[in-house]
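Input: a single structure, listed below in structure tokens.
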Amino acid sequence: MRLKDKAALVTGATAGLGQSIAEAFAREGAAVLVTGRDAARGEAVVEGIRSSGGRARFRRLDVTAEEEVEAAVAATVDEWGRLDVVVNNAGYYGPASMRPLAELPVAEWDRVIQVNLRGPFLVCRAAIPAMIRQGGGAIVSIASIRAIHCSHNLPAYTASKAALIQMTKSIALDYGAQNIRANAILPGVHDTPGGQQSYTDREEYLRRIASLTPLGRIGHPSGIAYAAVFLASDEAAYITGATLVVDGGRIAGEYRPHRSGPSTRRA
Ligand SMILES: NC(=O)c1ccc[n+]([C@@H]2O[C@H](COP(=O)([O-])OP(=O)(O)OC[C@H]3O[C@@H](n4cnc5c(N)ncnc54)[C@H](O)[C@@H]3O)[C@@H](O)[C@H]2O)c1
């Protein structure tokens with residue numbers, strides 16, 4: 001019960017990493033506002049949490065809509081009397097945004113920035129006053145290894161996630177005195193519906209990811225959920241402005257699978 005008596009709001013929690021985070025938070029004792037755009041999937045997540053004895057409610061939320069964000073924060077406080085944790089998980093990239101900069105439609109740039117940067121900005125802007133009123137809180141933002149380790153054909157996504165890290169650090173500086181902590185998790189590739197959209201063949205996708213990763217496998221969403229539980233909990237009471245890479249070693253260095261194992265190099 002590492003989040004006992006805490007109330008949390010998780011964005012984009014109807015599937016993928018957000019669902020896993022919401023479920024882990026509830027298992028650790030938090031009351032969770034599961035938010036997202038798909039009510040049927042959101043209610044199913046809530047039902048799953050409740051049937052395991054957890055506390056949760058669903059609320060429809062598009063993170064780019066200022067009024068919806070403010071209403072969701074107010075609903076959390078109304079329902080549970082507090083808001084201790086927000087997780088900025090909702091994110092977007094798609095086939096139309098996976099191309100070099102000069103070929104990127106302006107509308108697609110705007111969409112990525114709206115969801116990945118304006119969304120967390122609006123959520124934090126609404127949540128911080130409530131956290132200040134109750135004496136503190138924790139913000140966990142899901143960025144990406146692509147924020148610090150670029151890849152081809154993702155100019156808007158990488159820029160949005162890099163900016164999310166700096167926004168996180170900015171909050172850590174400005175609100176540390178009010179006992180608000182802000183940290184970012186940088187996932188490598190994890191097995192979610194959104195993760196494999198550039199591949200049609202799942203087996204090929206999994207083989208490719210494994211071959212690029214020192215731990216030799218794709219990440220399970222629970223690994224991000226456990227990282228989020230830690231950063232949201234009082235165990236991380238002195239951690240703020242930090243980035244936590246969870247990537248199976250993917251960006252630790254230049255990985256060459258055929259070179260791993262005992263060295264055959266001459267002394
Ligand atoms: N899965 C990975 O390999 C991976 C790697 C690095 C970073 N991430 C980040 O982790 C987060 C979750 O990713 P995921 O893999 O579960 O992706 P996903 O695409 O499966 O889930 C993203 C969620 O965000 C929601 N969303 C999109 N636009 C929204 C909006 N305007 N308002 C509210 N919700 C919205 C989607 O509906 C979806 O539920 C994202 O921020 C993503 O960028 C994921």
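By convention here, the chains of the structure tokens are called A, B, ... in the order presented, each chain's residues are numbered starting at 1, and ligands are numbered starting at 1 in the order presented.
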
| message | Hey, which residues sit close to ligand 1? Say within 9 Å, counting only C-alpha atoms and all ligand atoms, and write them as a count of residues only. | response | 59

| field | Å distance separating CA of Leu244 in chain A from CA of Ala184 in chain A, one decimal place | value |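 So the two atoms, CA of Leu244 in chain A and CA of Ala184 in chain A, lie 6.3 Å apart.
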
| message | I need the residues in range 51-232 of chain A that are alpha helix (DSSP H) according to DSSP; give them as a ChimeraX atom specification. | response | /A:51,66-80,106-113,119-134,155-175,202-211,221-232

| query | So how many Å separate CA of Glu68 in chain A and CA of Ala40 in chain A, to one decimal? | reply |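 Rounded to one decimal, the two atoms are 18.1 Å apart.
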
| task | Write out as an MDAnalysis selection string the residues lying within 12 Å of Ala102 in chain A, counting only C-alpha atoms and excluding same-chain residues fewer than 5 positions away. | result | chainID A and resid 97 109 153:156

| message | Please determine, counting only C-alpha atoms, which residue among A:Arg207, A:Arg55, A:Arg41, A:Arg50 has the shortest atom-to-atom distance to Gly29 in chain A. | response |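 Checking each of A:Arg207, A:Arg55, A:Arg41, A:Arg50 against Gly29 in chain A, counting only C-alpha atoms, the winner is A:Arg55.
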
| query | Where in range 67-213 of chain A does DSSP assign strand (DSSP E or B), given as a list in words? | reply |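 Filtering range 67-213 of chain A to strand (DSSP E or B) leaves Val85, Val86, Val87, Asn88, Gly137, Ala138, Ile139, Val140, Ser141, Ile142, Ile180, Arg181, Ala182, Asn183, Ala184, Ile185, Leu186, Pro187 and His190 of chain A.
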
Only N, CA and C atoms, please: the residues just picked out, written as a short mmCIF file (atom, residue, chain, number, x, y, z; two decimals), in the first residue's frame.
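So the final result, stored in out-v1.cif, reads:
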data_model
loop_
_atom_site.label_atom_id
_atom_site.label_comp_id
_atom_site.auth_asym_id
_atom_site.auth_seq_id
_atom_site.Cartn_x
_atom_site.Cartn_y
_atom_site.Cartn_z
N VAL A 85 -1.57 13.20 -6.76
CA VAL A 85 -0.68 12.78 -7.85
C VAL A 85 -1.37 13.01 -9.19
N VAL A 86 -0.66 13.59 -10.15
CA VAL A 86 -1.14 13.52 -11.54
C VAL A 86 -0.08 12.82 -12.37
N VAL A 87 -0.57 12.01 -13.29
CA VAL A 87 0.33 11.34 -14.24
C VAL A 87 -0.03 11.81 -15.64
N ASN A 88 0.89 12.53 -16.26
CA ASN A 88 0.72 12.97 -17.65
C ASN A 88 1.18 11.84 -18.55
N GLY A 137 2.31 17.69 -3.46
CA GLY A 137 1.83 16.69 -4.41
C GLY A 137 2.96 16.22 -5.29
N ALA A 138 2.63 15.27 -6.16
CA ALA A 138 3.65 14.71 -7.06
C ALA A 138 3.12 14.68 -8.49
N ILE A 139 3.96 15.11 -9.42
CA ILE A 139 3.62 15.08 -10.84
C ILE A 139 4.59 14.11 -11.51
N VAL A 140 4.02 13.17 -12.25
CA VAL A 140 4.85 12.22 -13.00
C VAL A 140 4.48 12.36 -14.47
N SER A 141 5.44 12.70 -15.30
CA SER A 141 5.15 12.85 -16.73
C SER A 141 5.86 11.76 -17.52
N ILE A 142 5.12 11.17 -18.45
CA ILE A 142 5.69 10.10 -19.26
C ILE A 142 6.25 10.73 -20.53
N ILE A 180 5.86 20.38 -3.88
CA ILE A 180 5.39 19.70 -5.08
C ILE A 180 6.61 19.16 -5.83
N ARG A 181 6.59 17.85 -6.07
CA ARG A 181 7.68 17.21 -6.80
C ARG A 181 7.23 16.94 -8.24
N ALA A 182 8.15 17.08 -9.18
CA ALA A 182 7.83 16.79 -10.59
C ALA A 182 8.97 16.01 -11.21
N ASN A 183 8.64 14.85 -11.76
CA ASN A 183 9.66 13.98 -12.36
C ASN A 183 9.13 13.41 -13.66
N ALA A 184 10.06 12.95 -14.49
CA ALA A 184 9.66 12.36 -15.78
C ALA A 184 10.23 10.96 -15.91
N ILE A 185 9.43 10.09 -16.50
CA ILE A 185 9.88 8.74 -16.85
C ILE A 185 10.13 8.72 -18.35
N LEU A 186 11.23 8.12 -18.75
CA LEU A 186 11.58 8.03 -20.17
C LEU A 186 11.52 6.57 -20.59
N PRO A 187 10.36 6.13 -21.10
CA PRO A 187 10.27 4.71 -21.50
C PRO A 187 11.03 4.46 -22.79
N HIS A 190 7.84 -0.24 -25.22
CA HIS A 190 6.99 -1.09 -24.38
C HIS A 190 5.83 -1.64 -25.19
#
